[in-house]
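Shown next: input.txt, given as compact mmCIF, C-alpha atoms.
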# COMPACT_ATOMS: atom_id res chain seq x y z
CA VAL A 1 13.57 15.24 -4.14
CA ALA A 2 13.55 17.86 -6.89
CA VAL A 3 15.07 15.45 -9.41
CA GLY A 4 12.56 12.77 -8.44
CA ALA A 5 9.66 15.21 -8.83
CA PHE A 6 10.99 16.34 -12.21
CA VAL A 7 11.23 12.74 -13.46
CA ILE A 8 7.74 11.90 -12.21
CA PHE A 9 6.05 15.00 -13.63
CA PHE A 10 7.88 15.50 -16.90
CA ASP A 11 9.35 12.17 -17.92
CA CYS A 12 6.90 9.48 -16.78
CA GLY A 13 3.64 8.58 -18.43
CA THR A 14 2.06 7.44 -15.20
CA ARG A 15 -0.85 9.28 -13.68
CA GLY A 16 -0.58 7.32 -10.44
CA ALA A 17 2.83 8.76 -9.60
CA MET A 18 1.51 12.27 -10.17
CA VAL A 19 -1.46 11.67 -7.87
CA SER A 20 0.86 10.22 -5.23
CA MET A 21 3.08 13.28 -5.32
CA LEU A 22 0.03 15.51 -4.91
CA ILE A 23 -1.11 13.44 -1.93
CA ALA A 24 2.33 13.85 -0.35
CA LEU A 25 2.23 17.60 -0.97
CA ILE A 26 -1.21 17.89 0.62
CA TYR A 27 0.01 15.87 3.60
CA LEU A 28 3.03 18.15 4.03
CA ILE A 29 0.79 21.23 3.94
CA LEU A 30 -1.64 19.77 6.47
CA GLU A 31 1.11 18.38 8.74
CA LYS A 32 2.16 21.84 9.84
CA GLU A 33 -1.38 23.04 10.57
CA ARG A 34 -3.45 22.36 13.67
CA SER A 35 -7.09 22.64 14.76
CA VAL A 36 -9.65 24.73 12.84
CA LYS A 37 -7.24 25.90 10.16
CA LYS A 38 -6.51 22.25 9.30
CA ILE A 39 -10.23 21.49 8.94
CA ILE A 40 -10.70 24.55 6.70
CA LEU A 41 -7.75 23.45 4.54
CA ILE A 42 -9.18 19.92 4.21
CA VAL A 43 -12.58 21.29 3.16
CA CYS A 44 -10.97 23.66 0.65
CA ILE A 45 -8.84 20.87 -0.83
CA GLY A 46 -11.98 18.72 -1.11
CA VAL A 47 -13.93 21.47 -2.88
CA VAL A 48 -11.05 22.15 -5.28
CA GLY A 49 -10.84 18.40 -5.97
CA ILE A 50 -14.56 18.20 -6.75
CA VAL A 51 -14.42 21.24 -9.04
CA PHE A 52 -11.36 19.74 -10.73
CA MET A 53 -13.11 16.42 -11.36
CA ILE A 54 -16.28 18.10 -12.68
CA ASN A 55 -14.23 20.15 -15.14
CA LEU A 56 -11.52 17.56 -15.73
CA ASN A 57 -11.06 17.95 -19.49
CA GLU A 58 -11.06 21.75 -19.36
CA VAL A 59 -8.57 21.88 -16.48
CA LEU A 60 -6.26 19.34 -18.11
CA THR A 61 -6.37 21.22 -21.41
CA LEU A 62 -5.64 24.52 -19.65
CA VAL A 63 -2.63 23.04 -17.82
CA TYR A 64 -1.41 21.45 -21.07
CA GLN A 65 -1.64 24.78 -22.91
CA LEU A 66 0.13 26.60 -20.09
CA LEU A 67 2.99 24.08 -20.03
CA SER A 68 3.21 23.96 -23.83
CA SER A 69 3.53 27.74 -24.02
CA HIS A 70 6.67 27.37 -21.88
CA GLY A 71 8.08 24.51 -23.97
CA MET A 72 7.27 21.76 -21.46
CA ASP A 73 5.60 18.42 -22.12
CA MET A 74 4.13 15.94 -19.64
CA PRO A 75 3.39 12.51 -21.16
CA ALA A 76 1.01 11.62 -18.32
CA LEU A 77 -1.00 14.79 -18.94
CA THR A 78 -1.17 14.16 -22.69
CA LYS A 79 -2.29 10.57 -22.05
CA MET A 80 -4.96 11.67 -19.58
CA ILE A 81 -6.39 14.27 -21.96
CA TRP A 82 -6.59 11.67 -24.73
CA LEU A 83 -8.26 9.12 -22.45
CA VAL A 84 -10.83 11.65 -21.21
CA GLU A 85 -11.61 12.75 -24.79
CA GLN A 86 -12.06 9.10 -25.84
CA GLY A 87 -14.33 8.46 -22.84
CA ILE A 88 -12.06 5.69 -21.56
CA ALA A 89 -10.34 7.40 -18.62
CA ASP A 90 -10.66 4.19 -16.61
CA ASN A 91 -8.39 2.26 -19.08
CA GLY A 92 -10.90 -0.61 -19.09
CA ARG A 93 -10.51 -1.16 -15.38
CA ASN A 94 -14.26 -1.28 -14.74
CA GLU A 95 -14.39 -4.61 -16.56
CA ILE A 96 -11.42 -5.86 -14.54
CA TYR A 97 -13.14 -4.78 -11.32
CA ASP A 98 -16.33 -6.60 -12.33
CA THR A 99 -14.36 -9.79 -12.95
CA ALA A 100 -12.59 -9.41 -9.60
CA LEU A 101 -15.92 -8.94 -7.78
CA LYS A 102 -17.27 -12.12 -9.37
CA LEU A 103 -14.18 -14.07 -8.27
CA ILE A 104 -14.39 -12.59 -4.78
CA SER A 105 -18.02 -13.65 -4.46
CA GLU A 106 -16.97 -17.26 -5.11
CA GLN A 107 -14.52 -17.35 -2.19
CA VAL A 108 -15.52 -14.54 0.17
CA PHE A 109 -13.96 -15.61 3.46
CA LEU A 110 -10.54 -17.07 2.60
CA GLY A 111 -9.97 -15.97 -1.01
CA GLY A 112 -8.30 -17.94 -3.74
CA GLY A 113 -4.66 -17.50 -2.69
CA VAL A 114 -1.77 -15.44 -3.99
CA GLY A 115 -1.98 -14.91 -7.76
CA TYR A 116 -5.57 -16.18 -7.94
CA PHE A 117 -6.92 -13.32 -10.07
CA GLU A 118 -3.97 -13.37 -12.45
CA SER A 119 -4.26 -17.12 -12.95
CA MET A 120 -7.98 -16.83 -13.72
CA VAL A 121 -7.74 -14.03 -16.30
CA GLY A 122 -4.49 -14.75 -18.11
CA GLY A 123 -1.94 -12.66 -16.25
CA TYR A 124 -3.71 -9.31 -15.82
CA TYR A 125 -3.72 -7.73 -12.40
CA ILE A 126 -6.54 -5.86 -10.71
CA HIS A 127 -5.00 -2.36 -10.27
CA ASN A 128 -6.77 -2.04 -6.91
CA LEU A 129 -5.21 -3.05 -3.61
CA PHE A 130 -8.51 -3.72 -1.83
CA LEU A 131 -9.92 -5.92 -4.60
CA GLU A 132 -6.59 -7.73 -4.89
CA LEU A 133 -6.54 -8.45 -1.16
CA MET A 134 -10.16 -9.63 -1.15
CA CYS A 135 -9.59 -11.84 -4.19
CA GLU A 136 -6.44 -13.44 -2.83
CA PHE A 137 -7.00 -13.50 0.94
CA GLY A 138 -10.74 -13.06 1.41
CA ILE A 139 -12.29 -11.03 4.20
CA LEU A 140 -10.12 -12.52 6.93
CA GLY A 141 -6.79 -11.88 5.23
CA THR A 142 -7.85 -8.43 4.05
CA ILE A 143 -8.74 -7.39 7.60
CA ILE A 144 -5.33 -8.52 8.85
CA VAL A 145 -3.38 -6.75 6.09
CA LEU A 146 -5.40 -3.52 6.37
CA TYR A 147 -5.01 -3.55 10.14
CA ILE A 148 -1.22 -3.69 9.75
CA ILE A 149 -1.23 -0.89 7.15
CA PHE A 150 -3.55 1.43 9.10
CA LYS A 151 -1.78 0.76 12.41
CA ASN A 152 1.48 1.95 10.86
CA ILE A 153 -0.17 4.96 9.23
CA MET A 154 -1.59 5.99 12.60
CA LYS A 155 1.85 5.61 14.20
CA VAL A 156 3.36 7.96 11.64
CA LEU A 157 0.57 10.52 11.80
CA PHE A 158 -0.02 10.68 15.53
CA ILE A 159 3.28 10.04 17.30
CA ASP A 160 4.42 13.42 18.55
CA ARG A 161 7.95 12.34 19.44
CA MET A 162 8.69 11.52 15.80
CA ALA A 163 10.71 14.23 14.06
CA VAL A 164 9.02 16.18 11.26
CA GLU A 165 11.68 14.95 8.84
CA ASP A 166 10.88 11.34 9.70
CA LYS A 167 7.15 11.98 9.26
CA THR A 168 7.85 13.63 5.92
CA ILE A 169 9.94 10.72 4.66
CA SER A 170 7.30 8.27 5.88
CA ALA A 171 4.56 10.25 4.13
CA LEU A 172 6.54 10.31 0.88
CA LEU A 173 7.23 6.58 1.04
CA PHE A 174 3.55 5.93 1.71
CA SER A 175 2.47 8.25 -1.09
CA ILE A 176 4.61 6.47 -3.68
CA SER A 177 3.52 2.99 -2.70
CA ILE A 178 0.06 2.32 -1.29
CA PRO A 179 -1.96 4.96 -3.25
CA LEU A 180 -0.52 3.63 -6.51
CA LEU A 181 -2.00 0.27 -5.62
CA ILE A 182 -5.39 1.70 -4.70
Translate this structure into C-alpha cells?
Amino acid sequence: VAVGAFVIFFDCGTRGAMVSMLIALIYLILEKERSVKKIILIVCIGVVGIVFMINLNEVLTLVYQLLSSHGMDMPALTKMIWLVEQGIADNGRNEIYDTALKLISEQVFLGGGVGYFESMVGGYYIHNLFLELMCEFGILGTIIVLYIIFKNIMKVLFIDRMAVEDKTISALLFSISIPLLI
C-alpha cells in the first residue's frame, strides 16, 4: 500500500488518483467511528473541503512550497497549480459536458449505445460516469447500472459480518475505480 501511495502521490500526474486516495483515507477514518462522532467528523471534513476549494490556489501553492523545501515534487500538484492559474482547471471538460448533454437530450430513454459519444465527437470520452451512462444507455440503462453499483456499495458499508480488512480492501478498490470515472 505504501509503495502504491508513493507512486500515486509523487510519480503520477493524475489528480483523480490523488482524490481517490483521499476518499479512501476519509472512509477508513469514518469506518472506525460510530454515532455522533461520525457525524461531527463528516461535517468537519465538509467544512475543510469547502475552505480548501475557496482558497484552492493558496492551499496548493503552500503545499507545493512545503514539499519543495523538503526536495519533493508532485507532478499532479504542479499541473493543478498551473491549471488554476490559467483559469482552466476543468481541462475543457465543460465543453465536453455540454456536448454530452445535447446528445443525451436526443435519445433520453434508451441512449445511443456503447461508444455513442466517442463516435459522435471523434474519439474523445466524457470523463464523467453519469453522463457516459446517460449518453450510451439512456435513463433506463443508467438506472440499472447505478442500482447495481449502489447495491454493492451498501453491502460493503453496512454488512456487519464482513471483516474490517475486507471492507478496507473493498473501499480502496472502489476509491481507485468509480470516483475516477465520476
Select, from A:Leu140, A:Met120, A:Leu56, A:Val114, the residue with the minimum atom-to-atom distance to A:Glu85, counting only C-alpha atoms.
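Under the stated criterion, the closest residue is A:Leu56.
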Distance of atom CA of A:Tyr97 from atom CA of A:Met80, expressed in Å to one decimal place
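We find that atom CA of A:Met80 and atom CA of A:Tyr97 lie 20.1 Å from each other.
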Considering all atoms listed in the file, return as a list in words whatever protein or nucleic-acid residues lie within 12 Å of A:Glu58, sequence-local ones (same chain, fewer than 5 positions apart) excluded.
Val51, Phe52, Met53, Val63, Tyr64, Gln65, Met80, Ile81, Val84 and Glu85 of chain A
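Counting from atom CA of A:Leu110, the distance to atom CA of A:Leu146 is 15.0 Å.
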Of the candidates A:Asn152, A:Asp98, A:Ile45, A:Met162, which shows the shortest atom-to-atom distance to A:Phe174, using all atoms listed in the file?
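Ranked by minimum distance to A:Phe174, first place goes to A:Asn152.
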Excluding A:Leu41 and any residue of its chain fewer than 5 positions from it, enumerate the residues within 10 Å of it, using only C-alpha atoms, and give them as a PyMOL selection string.
chain A and resi 26+29-30+33+36+46-47
Test item: residues at most 10 Å from A:Val121, all atoms listed in the file, excluding those fewer than 4 positions along its chain, as a ChimeraX atom specification:
/A:96,99-100,116-117,125-126
Tell me, as a list in words, which residues lie within 10 Å of A:Leu28, counting all atoms listed in the file; anything in the same chain fewer than 4 positions away does not count.
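Contacts, with the query itself left out: Leu22, Ile23, Ala24, Lys32, Glu33, Val164, Lys167, Thr168, Ala171 and Leu172 of chain A.
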Listed atoms of stretch 40-59 of chain A boxed axis-aligned with 6 Å per side, centre + edges as AutoDock Vina command-line options:
--center_x -12.0 --center_y 20.5 --center_z -6.4 --size_x 20.5 --size_y 20.1 --size_z 38.2
Contacts of A:Gly141 at 12 Å or less, counting all atoms listed in the file, minus same-chain residues fewer than 4 places along, as a PDB file with C-alpha atoms, keeping the file's coordinate frame?
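Result file follows (out_22.pdb):
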ATOM      1  CA  VAL A 108     -15.520 -14.540   0.170  1.00  0.00           C
ATOM      2  CA  PHE A 109     -13.960 -15.610   3.460  1.00  0.00           C
ATOM      3  CA  LEU A 110     -10.540 -17.070   2.600  1.00  0.00           C
ATOM      4  CA  GLY A 111      -9.970 -15.970  -1.010  1.00  0.00           C
ATOM      5  CA  GLY A 112      -8.300 -17.940  -3.740  1.00  0.00           C
ATOM      6  CA  GLY A 113      -4.660 -17.500  -2.690  1.00  0.00           C
ATOM      7  CA  VAL A 114      -1.770 -15.440  -3.990  1.00  0.00           C
ATOM      8  CA  PHE A 130      -8.510  -3.720  -1.830  1.00  0.00           C
ATOM      9  CA  LEU A 131      -9.920  -5.920  -4.600  1.00  0.00           C
ATOM     10  CA  GLU A 132      -6.590  -7.730  -4.890  1.00  0.00           C
ATOM     11  CA  LEU A 133      -6.540  -8.450  -1.160  1.00  0.00           C
ATOM     12  CA  MET A 134     -10.160  -9.630  -1.150  1.00  0.00           C
ATOM     13  CA  CYS A 135      -9.590 -11.840  -4.190  1.00  0.00           C
ATOM     14  CA  GLU A 136      -6.440 -13.440  -2.830  1.00  0.00           C
ATOM     15  CA  PHE A 137      -7.000 -13.500   0.940  1.00  0.00           C
ATOM     16  CA  VAL A 145      -3.380  -6.750   6.090  1.00  0.00           C
ATOM     17  CA  LEU A 146      -5.400  -3.520   6.370  1.00  0.00           C
ATOM     18  CA  TYR A 147      -5.010  -3.550  10.140  1.00  0.00           C
ATOM     19  CA  ILE A 148      -1.220  -3.690   9.750  1.00  0.00           C
TER      20      ILE A 148
END
Could you check which of A:Ala163, A:Leu60, A:Met74, A:Leu173 is closest to A:Glu31, using all atoms listed in the file?
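Closest residue, counting all atoms listed in the file: A:Ala163.
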